[in-house]
$ cat query25.tsv   # TSV, C-alpha atoms
chain	number	residue	atom	x	y	z
S	6	MET	CA	-9.68	18.46	2.48
S	7	ALA	CA	-11.11	16.45	5.39
S	8	ALA	CA	-13.68	13.82	4.53
S	9	LYS	CA	-17.36	14.62	5.07
S	10	LYS	CA	-18.67	13.65	8.49
S	11	ILE	CA	-20.24	10.22	8.97
S	12	ASP	CA	-23.06	9.40	11.39
S	13	ALA	CA	-22.63	7.70	14.77
S	14	LYS	CA	-23.59	4.24	13.47
S	15	LEU	CA	-21.06	4.32	10.66
S	16	PHE	CA	-18.43	5.85	12.93
S	17	ARG	CA	-18.86	2.89	15.26
S	18	ALA	CA	-18.32	0.48	12.35
S	19	VAL	CA	-15.17	2.34	11.19
S	20	PHE	CA	-13.84	2.61	14.74
S	21	GLN	CA	-14.27	-1.11	15.37
S	22	LEU	CA	-12.75	-1.96	11.99
S	23	VAL	CA	-9.72	0.24	12.67
S	24	SER	CA	-9.37	-1.14	16.24
S	25	ALA	CA	-9.16	-4.69	14.94
S	26	ARG	CA	-6.94	-3.92	11.94
S	27	PRO	CA	-3.91	-1.77	12.80
S	28	TRP	CA	-3.01	-1.41	9.10
S	29	LEU	CA	-6.13	0.72	8.69
S	30	GLU	CA	-5.03	3.23	11.34
S	31	GLN	CA	-3.15	5.33	8.79
S	32	ARG	CA	-5.93	4.88	6.25
S	33	ASP	CA	-9.07	5.67	8.24
S	34	GLU	CA	-9.74	8.87	6.31
S	35	ALA	CA	-9.72	6.92	3.06
S	36	VAL	CA	-12.20	4.46	4.60
S	37	ILE	CA	-14.50	7.32	5.63
S	38	GLU	CA	-14.25	8.84	2.15
S	39	MET	CA	-15.10	5.50	0.55
S	40	LEU	CA	-18.12	5.12	2.81
S	41	ASN	CA	-19.21	8.67	2.04
S	42	ASP	CA	-19.11	7.87	-1.66
S	43	CYS	CA	-21.62	5.04	-1.14
S	44	GLU	CA	-25.21	5.87	-2.00
S	45	THR	CA	-26.90	3.13	0.01
S	46	ASP	CA	-26.44	1.36	3.35
S	47	ARG	CA	-26.02	-1.89	1.41
S	48	GLN	CA	-23.05	-0.48	-0.50
S	49	GLN	CA	-21.48	0.66	2.78
S	50	ALA	CA	-22.01	-2.79	4.28
S	51	LEU	CA	-20.28	-4.34	1.24
S	52	VAL	CA	-17.24	-2.02	1.57
S	53	LEU	CA	-16.95	-2.76	5.30
S	54	ASN	CA	-17.29	-6.49	4.70
S	55	LEU	CA	-14.57	-6.46	2.02
S	56	LEU	CA	-12.25	-4.50	4.32
S	57	GLU	CA	-12.85	-7.00	7.14
S	58	ARG	CA	-11.73	-9.84	4.87
S	59	PHE	CA	-8.88	-7.94	3.21
S	60	LYS	CA	-5.52	-9.70	3.54
S	61	PHE	CA	-2.81	-7.24	4.56
S	62	SER	CA	0.75	-8.44	4.58
S	63	ASN	CA	3.71	-6.73	6.28
S	64	SER	CA	7.40	-7.40	6.80
S	65	SER	CA	6.83	-10.13	9.41
S	66	ASP	CA	4.40	-11.88	7.02
S	67	LEU	CA	7.07	-11.60	4.32
S	68	GLY	CA	9.61	-13.24	6.64
S	69	ALA	CA	7.20	-16.06	7.51
S	70	SER	CA	6.28	-16.54	3.87
S	71	ALA	CA	9.92	-16.63	2.75
S	72	LYS	CA	10.64	-19.18	5.47
S	73	SER	CA	7.84	-21.50	4.34
S	74	ILE	CA	8.90	-21.17	0.68
S	75	ALA	CA	12.52	-21.97	1.60
S	76	GLU	CA	11.33	-25.02	3.56
S	77	HIS	CA	9.23	-26.18	0.63
S	78	ILE	CA	12.17	-25.85	-1.77
S	79	THR	CA	14.63	-27.68	0.47
S	80	VAL	CA	12.36	-30.21	2.20
S	81	VAL	CA	9.39	-31.00	-0.05
S	82	TRP	CA	11.14	-30.57	-3.40
S	83	ALA	CA	14.47	-31.60	-1.86
S	84	LEU	CA	16.43	-29.21	-4.04
S	85	THR	CA	20.10	-28.72	-3.21
S	86	PRO	CA	22.33	-25.63	-3.55
S	87	LEU	CA	24.61	-27.27	-6.08
S	88	THR	CA	21.81	-27.84	-8.58
S	89	THR	CA	19.32	-25.02	-7.88
S	90	ALA	CA	18.99	-21.50	-9.20
S	91	ILE	CA	16.35	-19.25	-7.63
S	92	VAL	CA	15.32	-16.64	-10.17
S	93	ALA	CA	13.10	-13.54	-9.85
S	94	ILE	CA	10.74	-13.27	-12.82
S	95	ALA	CA	11.43	-9.57	-13.47
S	96	ASP	CA	12.67	-8.83	-16.99
S	97	ARG	CA	16.05	-7.22	-17.48
S	98	ASN	CA	15.86	-3.47	-16.71
S	99	GLU	CA	12.64	-4.10	-14.79
S	100	SER	CA	12.10	-3.75	-11.06
S	101	ASP	CA	9.07	-5.49	-9.62
S	102	GLY	CA	7.74	-7.35	-6.58
S	103	SER	CA	9.67	-10.51	-7.40
S	104	HIS	CA	12.84	-8.73	-6.24
S	105	PHE	CA	11.78	-8.14	-2.65
S	106	LEU	CA	10.64	-11.74	-2.29
S	107	LEU	CA	13.96	-12.96	-3.72
S	108	LYS	CA	15.86	-10.79	-1.21
S	109	ALA	CA	13.73	-12.11	1.65
S	110	LEU	CA	14.16	-15.69	0.41
S	111	ALA	CA	17.94	-15.37	0.29
S	112	GLN	CA	17.85	-14.68	4.05
S	113	LYS	CA	16.13	-17.98	4.74
S	114	PHE	CA	18.63	-20.26	3.03
S	115	SER	CA	21.52	-21.31	5.19
S	116	ARG	CA	25.12	-20.67	4.16
S	117	GLU	CA	26.07	-23.67	6.27
S	118	ASP	CA	23.99	-25.86	3.96
S	119	GLY	CA	25.88	-24.51	0.97
S	120	TRP	CA	23.48	-21.84	-0.27
S	121	SER	CA	25.07	-18.54	-1.26
S	122	ASP	CA	24.48	-15.53	-3.48
S	123	VAL	CA	25.43	-17.58	-6.54
S	124	ASN	CA	22.06	-19.38	-6.20
S	125	PHE	CA	19.98	-16.19	-6.54
S	126	PHE	CA	19.33	-14.29	-9.75
S	127	GLY	CA	17.53	-10.97	-10.06
S	128	HIS	CA	16.18	-11.31	-13.61
S	129	ILE	CA	14.57	-14.09	-15.60
S	130	THR	CA	16.95	-13.37	-18.49
S	131	SER	CA	19.61	-15.11	-16.35
S	132	VAL	CA	17.96	-18.40	-17.37
S	133	ALA	CA	19.72	-18.05	-20.74
S	134	ASP	CA	23.24	-18.31	-19.33
S	135	LEU	CA	22.97	-20.31	-16.12
S	136	ASP	CA	25.77	-22.60	-14.99
S	137	VAL	CA	25.32	-26.15	-16.35
S	138	ASN	CA	25.11	-27.52	-12.79
S	139	PHE	CA	21.85	-25.66	-12.16
S	140	THR	CA	19.40	-28.29	-13.35
S	141	ASN	CA	16.57	-26.90	-11.21
S	142	ILE	CA	15.22	-23.41	-11.72
S	143	VAL	CA	12.78	-21.94	-9.19
S	144	LEU	CA	10.94	-18.95	-10.60
S	145	VAL	CA	9.88	-16.47	-7.93
S	146	ASP	CA	7.12	-13.86	-7.97
S	147	ASP	CA	5.47	-11.97	-5.12
S	148	PHE	CA	1.88	-12.37	-6.30
S	149	ILE	CA	0.07	-14.52	-8.83
S	150	GLY	CA	-3.11	-12.83	-10.00
S	151	THR	CA	-4.65	-14.23	-13.15
S	152	GLY	CA	-1.60	-16.45	-13.67
S	153	LYS	CA	-1.04	-15.10	-17.18
S	154	LYS	CA	2.20	-13.28	-16.33
S	155	ILE	CA	3.87	-16.30	-14.75
S	156	THR	CA	2.60	-18.49	-17.62
S	157	ARG	CA	4.19	-16.12	-20.11
S	158	LYS	CA	7.49	-16.19	-18.20
S	159	VAL	CA	7.50	-19.99	-17.96
S	160	LYS	CA	6.84	-20.31	-21.70
S	161	TRP	CA	9.65	-17.88	-22.44
S	162	ALA	CA	12.05	-19.78	-20.14
S	163	ARG	CA	11.07	-23.09	-21.75
S	164	GLU	CA	11.86	-21.74	-25.22
S	165	ILE	CA	15.29	-20.63	-24.02
S	166	LEU	CA	15.94	-23.93	-22.24
S	167	GLN	CA	14.95	-26.02	-25.26
S	168	ALA	CA	17.87	-24.58	-27.15
S	169	GLN	CA	20.25	-25.72	-24.42
S	170	PRO	CA	21.91	-29.16	-24.45
S	171	ILE	CA	20.97	-30.00	-20.83
S	172	VAL	CA	17.57	-30.72	-19.28
S	173	ARG	CA	16.49	-28.30	-16.58
S	174	ARG	CA	13.39	-28.51	-14.43
S	175	LEU	CA	11.25	-25.47	-13.65
S	176	TYR	CA	9.36	-24.68	-10.42
S	177	ILE	CA	7.25	-21.70	-9.34
S	178	CYS	CA	7.08	-20.06	-5.91
S	179	SER	CA	5.03	-17.13	-4.71
S	180	MET	CA	3.91	-15.39	-1.54
S	181	ALA	CA	0.27	-15.14	-2.53
S	182	GLY	CA	-1.86	-16.27	-5.40
S	183	MET	CA	-5.45	-16.27	-6.54
S	184	ASN	CA	-7.24	-19.63	-6.38
S	185	PHE	CA	-8.72	-19.12	-9.83
S	186	SER	CA	-5.22	-19.09	-11.38
S	187	LYS	CA	-4.63	-22.73	-10.37
S	188	PRO	CA	-6.09	-24.30	-13.59
S	189	LEU	CA	-3.69	-22.18	-15.64
S	190	LEU	CA	-0.75	-23.12	-13.41
S	191	ASN	CA	-1.75	-26.81	-13.51
S	192	GLY	CA	-1.71	-26.58	-17.31
S	193	LEU	CA	2.00	-25.74	-17.19
S	194	ASN	CA	2.75	-29.20	-15.76
S	195	ILE	CA	5.33	-27.91	-13.33
S	196	GLU	CA	5.35	-27.94	-9.56
S	197	TYR	CA	4.36	-24.74	-7.81
S	198	PHE	CA	4.03	-23.47	-4.28
S	199	CYS	CA	2.27	-20.46	-2.86
S	200	THR	CA	2.15	-19.51	0.84
S	201	THR	CA	-1.30	-17.96	0.74
S	202	TRP	CA	-4.13	-18.79	-1.63
S	203	LEU	CA	-6.80	-16.14	-1.95
S	204	SER	CA	-10.42	-16.36	-3.03
S	205	LYS	CA	-12.28	-13.79	-5.08
S	206	GLY	CA	-13.71	-11.14	-2.77
S	207	ILE	CA	-17.26	-11.28	-4.11
S	208	ALA	CA	-17.78	-14.24	-6.48
S	209	ASP	CA	-16.23	-16.79	-4.09
S	210	PHE	CA	-17.83	-15.40	-0.95
S	211	TYR	CA	-21.44	-14.52	-1.65
S	212	THR	CA	-24.11	-16.78	-3.11
S	213	GLY	CA	-27.62	-16.37	-4.52
S	214	GLU	CA	-29.32	-13.03	-3.98
S	215	GLN	CA	-26.45	-11.70	-1.87
S	216	LEU	CA	-24.08	-12.32	-4.77
S	217	THR	CA	-26.33	-10.51	-7.21
S	218	ALA	CA	-26.65	-7.59	-4.80
S	219	ALA	CA	-22.90	-7.41	-4.17
S	220	ILE	CA	-22.11	-7.41	-7.90
S	221	GLU	CA	-24.74	-4.71	-8.44
S	222	ASP	CA	-23.32	-2.59	-5.60
S	223	MET	CA	-19.69	-2.93	-6.66
S	224	THR	CA	-20.63	-2.09	-10.26
S	225	ALA	CA	-22.40	1.06	-9.03
S	226	LEU	CA	-19.42	2.04	-6.85
S	227	GLU	CA	-16.96	1.53	-9.68
S	228	LYS	CA	-19.08	3.75	-11.91
S	229	THR	CA	-18.06	6.67	-9.70
S	230	LEU	CA	-14.37	5.98	-10.49
S	231	LYS	CA	-13.37	8.31	-13.27
S	232	GLU	CA	-11.71	6.93	-16.41
S	233	LEU	CA	-11.58	3.38	-15.07
S	234	GLY	CA	-10.90	1.05	-18.00
S	235	SER	CA	-13.13	-2.01	-18.51
S	236	ASP	CA	-10.12	-4.31	-17.99
S	237	TYR	CA	-9.82	-3.12	-14.40
S	238	ARG	CA	-13.42	-3.47	-13.31
S	239	PHE	CA	-13.50	-5.77	-10.23
S	240	GLY	CA	-9.67	-5.83	-10.49
S	241	TYR	CA	-7.59	-6.72	-13.54
S	242	LYS	CA	-9.50	-9.30	-15.59
S	243	LYS	CA	-12.08	-9.52	-12.79
S	244	SER	CA	-9.58	-10.94	-10.30
S	245	GLU	CA	-11.47	-9.52	-7.28
S	246	ALA	CA	-8.26	-9.68	-5.24
S	247	MET	CA	-8.10	-8.37	-1.69
S	248	TYR	CA	-4.42	-8.46	-0.90
S	249	TYR	CA	-1.69	-5.94	-0.25
S	250	HIS	CA	1.91	-6.28	0.82
S	251	GLU	CA	3.27	-3.17	2.53
S	252	PRO	CA	5.02	-0.96	1.47
S	253	TYR	CA	5.06	-2.01	-2.18
S	254	ASN	CA	2.72	-1.28	-5.04
S	255	VAL	CA	-0.77	-2.66	-4.72
S	256	SER	CA	-1.58	-5.18	-7.44
S	257	ASN	CA	-3.99	-4.10	-10.17
S	258	ASN	CA	-5.82	-7.38	-9.48
S	259	VAL	CA	-7.23	-5.74	-6.35
S	260	PHE	CA	-10.66	-4.08	-6.57
S	261	PRO	CA	-9.94	-0.60	-8.02
S	262	LEU	CA	-12.25	0.88	-5.39
S	263	PHE	CA	-9.29	0.50	-3.02
S	264	TRP	CA	-6.62	2.12	-5.20
S	265	TRP	CA	-8.07	4.14	-8.09
S	266	GLY	CA	-7.09	7.81	-7.68
S	267	LYS	CA	-9.82	9.63	-9.64
S	268	SER	CA	-13.52	9.87	-9.01
S	269	ASP	CA	-16.49	11.80	-10.31
S	270	GLN	CA	-17.01	13.40	-6.89
S	271	ARG	CA	-13.47	14.78	-6.49
S	272	ARG	CA	-10.41	15.38	-8.60
S	273	PHE	CA	-8.03	13.64	-6.22
S	274	ARG	CA	-9.58	10.63	-4.60
S	275	LYS	CA	-8.10	9.58	-1.27
S	276	ALA	CA	-7.65	5.90	-2.04
S	277	LEU	CA	-6.71	3.25	0.50
S	278	PHE	CA	-3.59	2.32	-1.47
S	279	SER	CA	-1.70	3.95	-4.27
S	280	ARG	CA	-0.15	2.54	-7.38
S	281	GLY	CA	3.14	4.31	-8.03
S	282	ALA	CA	5.37	4.32	-11.06
S	283	ALA	CA	6.59	0.76	-10.64
Y	14	MET	CA	2.70	8.46	42.14
Y	15	SER	CA	1.90	10.27	38.97
Y	16	PRO	CA	2.32	8.24	35.76
Y	17	GLU	CA	5.23	9.25	33.59
Y	18	LEU	CA	4.19	12.13	31.38
Y	19	THR	CA	4.40	11.51	27.71
Y	20	LYS	CA	4.10	14.03	24.91
Y	21	TRP	CA	0.52	15.22	24.76
Y	22	ILE	CA	-1.08	15.64	21.40
Y	23	VAL	CA	-4.18	17.65	20.52
Y	24	ALA	CA	-6.38	14.54	20.66
Y	25	ASP	CA	-5.26	13.81	24.25
Y	26	ARG	CA	-5.94	17.38	25.36
Y	27	GLU	CA	-9.37	17.64	23.74
Y	28	MET	CA	-10.44	14.29	25.12
Y	29	LEU	CA	-9.15	14.88	28.64
Y	30	LEU	CA	-10.75	18.33	28.85
Y	31	THR	CA	-14.10	17.02	27.55
Y	32	LEU	CA	-14.03	14.08	29.95
Y	33	PHE	CA	-13.08	16.32	32.88
Y	34	GLN	CA	-15.91	18.74	32.17
Y	35	ALA	CA	-18.46	16.01	31.46
Y	36	GLU	CA	-18.10	14.33	34.87
Y	37	GLY	CA	-19.42	11.10	33.41
Y	38	GLU	CA	-19.39	8.88	30.35
Y	39	VAL	CA	-18.77	10.42	26.93
Y	40	ASN	CA	-19.47	8.72	23.62
Y	41	VAL	CA	-16.31	8.68	21.52
Y	42	TYR	CA	-18.31	9.76	18.49
Y	43	SER	CA	-18.53	13.23	20.07
Y	44	PHE	CA	-14.73	13.60	19.80
Y	45	TYR	CA	-15.04	12.99	16.07
Y	46	GLU	CA	-18.09	15.21	15.70
Y	47	LYS	CA	-16.86	18.14	17.83
Y	48	PHE	CA	-13.11	18.15	17.27
Y	49	ASN	CA	-12.87	16.35	13.92
Y	50	LEU	CA	-10.51	13.78	15.44
Y	51	ARG	CA	-9.95	10.77	13.20
Y	52	PRO	CA	-11.05	7.36	14.51
Y	53	ALA	CA	-7.39	6.24	14.62
Y	54	GLU	CA	-6.39	9.37	16.60
Y	55	ILE	CA	-9.14	8.71	19.14
Y	56	LEU	CA	-8.11	5.07	19.34
Y	57	THR	CA	-4.45	5.95	19.92
Y	58	SER	CA	-5.33	8.39	22.70
Y	59	ILE	CA	-7.72	5.93	24.32
Y	60	ARG	CA	-5.02	3.25	24.35
Y	61	LYS	CA	-2.46	5.66	25.80
Y	62	LEU	CA	-4.74	7.07	28.52
Y	63	GLU	CA	-6.17	3.66	29.37
Y	64	GLU	CA	-2.66	2.31	29.86
Y	65	LEU	CA	-1.95	5.16	32.27
Y	66	GLY	CA	-5.10	4.25	34.21
Y	67	VAL	CA	-6.56	7.69	33.55
Y	68	ILE	CA	-9.65	6.60	31.62
Y	69	THR	CA	-11.76	3.51	31.06
Y	70	PHE	CA	-13.23	2.60	27.69
Y	71	ASN	CA	-16.26	0.43	27.02
Y	72	PRO	CA	-15.98	-0.71	23.38
Y	73	GLN	CA	-19.47	-2.23	23.47
Y	74	ASP	CA	-21.19	1.08	24.20
Y	75	MET	CA	-18.39	3.16	22.67
Y	76	VAL	CA	-18.20	5.30	25.82
Y	77	THR	CA	-15.24	6.48	27.83
Y	78	SER	CA	-14.88	8.19	31.20
Y	79	LEU	CA	-12.22	9.44	33.58
Y	80	THR	CA	-11.34	7.12	36.43
Y	81	LYS	CA	-11.27	8.45	39.98
Y	82	PHE	CA	-7.50	8.45	39.77
Y	83	GLY	CA	-7.72	10.11	36.33
Y	84	ARG	CA	-9.68	13.04	37.72
Y	85	PHE	CA	-7.00	13.76	40.34
Y	86	TRP	CA	-4.31	13.10	37.76
Y	87	VAL	CA	-5.72	15.69	35.32
Y	88	VAL	CA	-5.75	18.33	38.07
Y	89	GLU	CA	-2.28	17.39	39.22
Y	90	ASN	CA	-0.83	17.49	35.70
Y	91	ARG	CA	-2.96	20.29	34.22
Y	92	ARG	CA	0.06	22.49	33.61
Y	93	GLU	CA	1.93	19.85	31.60
Y	94	ILE	CA	-1.15	18.75	29.68
Y	95	PHE	CA	-2.91	22.00	28.86
Y	96	MET	CA	-0.25	24.67	29.21
Y	97	GLN	CA	2.60	22.85	27.57
Y	98	LYS	CA	4.89	25.31	25.81
Y	99	VAL	CA	4.74	24.63	22.13
Y	100	SER	CA	8.00	25.17	20.30
Y	101	LEU	CA	7.55	27.87	17.69
Y	102	ALA	CA	10.88	27.31	16.02
Y	103	TRP	CA	9.25	27.84	12.63
Y	104	LYS	CA	8.25	31.36	13.67
Y	105	ALA	CA	11.76	32.67	14.39
Y	106	PRO	CA	13.67	34.36	11.54
Y	107	PRO	CA	16.83	32.63	10.28
Y	108	LEU	CA	19.93	33.67	12.25
Y	109	SER	CA	21.52	35.13	9.13
Y	110	TYR	CA	18.78	37.79	9.10
Y	111	VAL	CA	19.06	38.68	12.78
Y	112	ARG	CA	21.16	41.83	13.52
Y	113	PRO	CA	23.49	41.70	16.53
Y	114	ARG	CA	22.06	43.32	19.65
Y	115	HIS	CA	23.67	46.46	21.16
Y	116	ASN	CA	25.33	46.10	24.50
Y	117	VAL	CA	23.23	48.18	26.92
Y	118	LEU	CA	26.39	49.54	28.61
Y	119	GLU	CA	27.93	50.85	25.40
Y	120	PRO	CA	27.03	54.23	23.91
Y	121	TYR	CA	25.46	54.27	20.49
Y	122	VAL	CA	24.06	56.79	18.05
Y	123	PRO	CA	20.30	56.40	17.87
Y	124	LYS	CA	18.38	56.88	14.67
Y	125	ARG	CA	16.95	60.35	14.46
Y	126	ARG	CA	13.51	59.24	13.31
Y	127	TYR	CA	13.05	57.14	16.45
Y	128	ILE	CA	13.56	60.10	18.75
Y	129	SER	CA	10.60	62.30	19.65
Y	130	SER	CA	10.83	65.95	18.67
Y	131	GLU	CA	9.97	66.81	22.29
Y	132	PHE	CA	13.38	65.49	23.31
Y	133	PHE	CA	15.15	68.07	21.10
Y	134	GLU	CA	12.78	70.83	22.10
Y	135	ALA	CA	13.65	70.16	25.73
Y	136	LEU	CA	17.36	70.50	24.92
Y	137	ALA	CA	16.96	73.88	23.17
Y	138	PRO	CA	17.85	76.92	25.37
Y	139	LYS	CA	14.83	78.64	26.74
Y	140	ILE	CA	14.38	82.15	25.39

$ encode --input "query25.tsv" --output "structure tokens"
Amino acid sequence: MAAKKIDAKLFRAVFQLVSARPWLEQRDEAVIEMLNDCETDRQQALVLNLLERFKFSNSSDLGASAKSIAEHITVVWALTPLTTAIVAIADRNESDGSHFLLKALAQKFSREDGWSDVNFFGHITSVADLDVNFTNIVLVDDFIGTGKKITRKVKWAREILQAQPIVRRLYICSMAGMNFSKPLLNGLNIEYFCTTWLSKGIADFYTGEQLTAAIEDMTALEKTLKELGSDYRFGYKKSEAMYYHEPYNVSNNVFPLFWWGKSDQRRFRKALFSRGAA
Amino acid sequence: MSPELTKWIVADREMLLTLFQAEGEVNVYSFYEKFNLRPAEILTSIRKLEELGVITFNPQDMVTSLTKFGRFWVVENRREIFMQKVSLAWKAPPLSYVRPRHNVLEPYVPKRRYISSEFFEALAPKI
């Protein structure tokens, strides 16, 4: 069903938004539906403002990000192919975003410098039986939200490594991460690198009365999302993320307004992004 | 010389016809309001037609109009734009269901029910 008509003023705002952001061209109906679901002009202004600041990443961004991560590993950390294993943090039998970043990364390491497929591992469980020469392990994930997942993986890897007779050093690399996860990452006492650091969409942008109003408006908008669990309000654990890498799954750290599929107004909500099975 | 004709979509046709009839500036909102064209569809058509030099678009006022060249161009290419034959491939039955046609030069036995009774009456000897 086509979205309800919007007035000329709002159409102008959507048109200008879509003109400046090509990634919205295939999603303009979802934008209109979101704006229609708003009850006040202030709520609509908030949605438009969030969309203006939303960080959309595509295959060329992935290439650029992989290049900068590869440079950081080889130049800043000065890690060499003989001693370095680059490991996706996905568990065995699990397929997640760390895989596509690992694949993209593998393209940015030169064979002439000695890097080859023996340096890249698809699952974190590989840490348990790595070659003794690999004294450096770079853990790779596509996105760091709250930082809890990567912390859990690092702790697991450390437990495995402690049982081994050799000392191995851990590193973390990611395409994008939330600024508020830095204290948790710092607490791990290992070096980490992230191409893009993101701020919270509301808490880190607005201040004073505007902040209060924005929180009030987002709370009201999320109330229209049917069966939304309290853990996901303002994004998982209140992450307030505004980031998406096409064509993969949107992170649950993103405001659910942009990806939740059920609403009180309609059975099937036309969301900006979808979260599939994996 | 006429610009190379590309495939014309509904948005292009609706916009060109409206602009041709309006004889002046048209607010792009009217394309959304009248024809239910999505903002991205309007934007794509504007970009395409602007590149061809057929229309001009003022993003500040959100208005578009045909250029002098565009007006001639619409008339010149009206057949291709508005009377383009749309392929109705979906409408045709699958070939496996189509019976072979009779050759018009070969005799055949027609079905009785398709023949008017007047035909037989005319053949009967007159008493």

$ closest_residue --input "query25.tsv" --among "S:Val132, S:Leu230, S:Met247, S:Ala111" --to "S:Trp265" --atoms "all atoms listed in the file"
S:Leu230

$ residues_around --input "query25.tsv" --residues "stretch 260-262 of chain S" --least-positions-apart "2" --cutoff "8 Å" --atoms "all atoms listed in the file" --output "list in words"
Leu226, Glu227, Leu230, Tyr237, Arg238, Phe239, Gly240, Ser244, Glu245, Ala246, Met247, Asn257, Asn258, Trp264, Trp265 and Ala276 of chain S

$ write_last_selection --input "query25.tsv" --atoms "C-alpha atoms" --output "compact mmCIF listing (two decimals), in the coordinates of the input"
# COMPACT_ATOMS: atom_id res chain seq x y z
CA LEU S 226 -19.42 2.04 -6.85
CA GLU S 227 -16.96 1.53 -9.68
CA LEU S 230 -14.37 5.98 -10.49
CA TYR S 237 -9.82 -3.12 -14.40
CA ARG S 238 -13.42 -3.47 -13.31
CA PHE S 239 -13.50 -5.77 -10.23
CA GLY S 240 -9.67 -5.83 -10.49
CA SER S 244 -9.58 -10.94 -10.30
CA GLU S 245 -11.47 -9.52 -7.28
CA ALA S 246 -8.26 -9.68 -5.24
CA MET S 247 -8.10 -8.37 -1.69
CA ASN S 257 -3.99 -4.10 -10.17
CA ASN S 258 -5.82 -7.38 -9.48
CA TRP S 264 -6.62 2.12 -5.20
CA TRP S 265 -8.07 4.14 -8.09
CA ALA S 276 -7.65 5.90 -2.04

$ interface_residues --input "query25.tsv" --of "chain Y" --to "chain S" --cutoff "10 Å" --atoms "all atoms listed in the file" --output "PyMOL selection string"
chain Y and resi 40-43+45-46+49+51-57+72-75

$ atom_distance --input "query25.tsv" --atom1 "atom CA of S:His250" --atom2 "atom CA of S:Phe61"
6.1 Å

$ residues_around --input "query25.tsv" --residues "S:Ala93" --least-positions-apart "6" --cutoff "10 Å" --atoms "only C-alpha atoms" --output "short mmCIF file (atom, residue, chain, number, x, y, z; two decimals) with C-alpha atoms, in the frame of the given file"
data_model
loop_
_atom_site.label_atom_id
_atom_site.label_comp_id
_atom_site.auth_asym_id
_atom_site.auth_seq_id
_atom_site.Cartn_x
_atom_site.Cartn_y
_atom_site.Cartn_z
CA SER S 100 12.10 -3.75 -11.06
CA ASP S 101 9.07 -5.49 -9.62
CA GLY S 102 7.74 -7.35 -6.58
CA SER S 103 9.67 -10.51 -7.40
CA HIS S 104 12.84 -8.73 -6.24
CA PHE S 105 11.78 -8.14 -2.65
CA LEU S 106 10.64 -11.74 -2.29
CA LEU S 107 13.96 -12.96 -3.72
CA LYS S 108 15.86 -10.79 -1.21
CA PHE S 125 19.98 -16.19 -6.54
CA PHE S 126 19.33 -14.29 -9.75
CA GLY S 127 17.53 -10.97 -10.06
CA HIS S 128 16.18 -11.31 -13.61
CA ILE S 129 14.57 -14.09 -15.60
CA THR S 130 16.95 -13.37 -18.49
CA SER S 131 19.61 -15.11 -16.35
CA VAL S 143 12.78 -21.94 -9.19
CA LEU S 144 10.94 -18.95 -10.60
CA VAL S 145 9.88 -16.47 -7.93
CA ASP S 146 7.12 -13.86 -7.97
CA ASP S 147 5.47 -11.97 -5.12
CA CYS S 178 7.08 -20.06 -5.91
#

$ atom_distance --input "query25.tsv" --atom1 "atom CA of Y:Leu79" --atom2 "atom CA of Y:Val67"
5.9 Å

$ decode --input "query25.tsv" --residues "stretch 48-63 of chain Y" --atoms "C-alpha atoms" --output "PDB file, in the first residue's frame"
ATOM      1  CA  PHE Y  48       0.428  11.144 -10.298  1.00  0.00           C
ATOM      2  CA  ASN Y  49       1.662   9.672  -7.012  1.00  0.00           C
ATOM      3  CA  LEU Y  50       5.234   9.699  -8.312  1.00  0.00           C
ATOM      4  CA  ARG Y  51       7.806   9.042  -5.595  1.00  0.00           C
ATOM      5  CA  PRO Y  52      10.344  11.799  -4.855  1.00  0.00           C
ATOM      6  CA  ALA Y  53      13.145   9.542  -6.150  1.00  0.00           C
ATOM      7  CA  GLU Y  54      11.230   8.849  -9.395  1.00  0.00           C
ATOM      8  CA  ILE Y  55      10.731  12.574  -9.967  1.00  0.00           C
ATOM      9  CA  LEU Y  56      14.392  13.204  -9.190  1.00  0.00           C
ATOM     10  CA  THR Y  57      15.555  10.518 -11.634  1.00  0.00           C
ATOM     11  CA  SER Y  58      13.373  11.918 -14.428  1.00  0.00           C
ATOM     12  CA  ILE Y  59      14.490  15.479 -13.720  1.00  0.00           C
ATOM     13  CA  ARG Y  60      18.141  14.434 -13.922  1.00  0.00           C
ATOM     14  CA  LYS Y  61      17.550  12.537 -17.168  1.00  0.00           C
ATOM     15  CA  LEU Y  62      15.546  15.289 -18.884  1.00  0.00           C
ATOM     16  CA  GLU Y  63      17.853  18.024 -17.629  1.00  0.00           C
TER      17      GLU Y  63
END
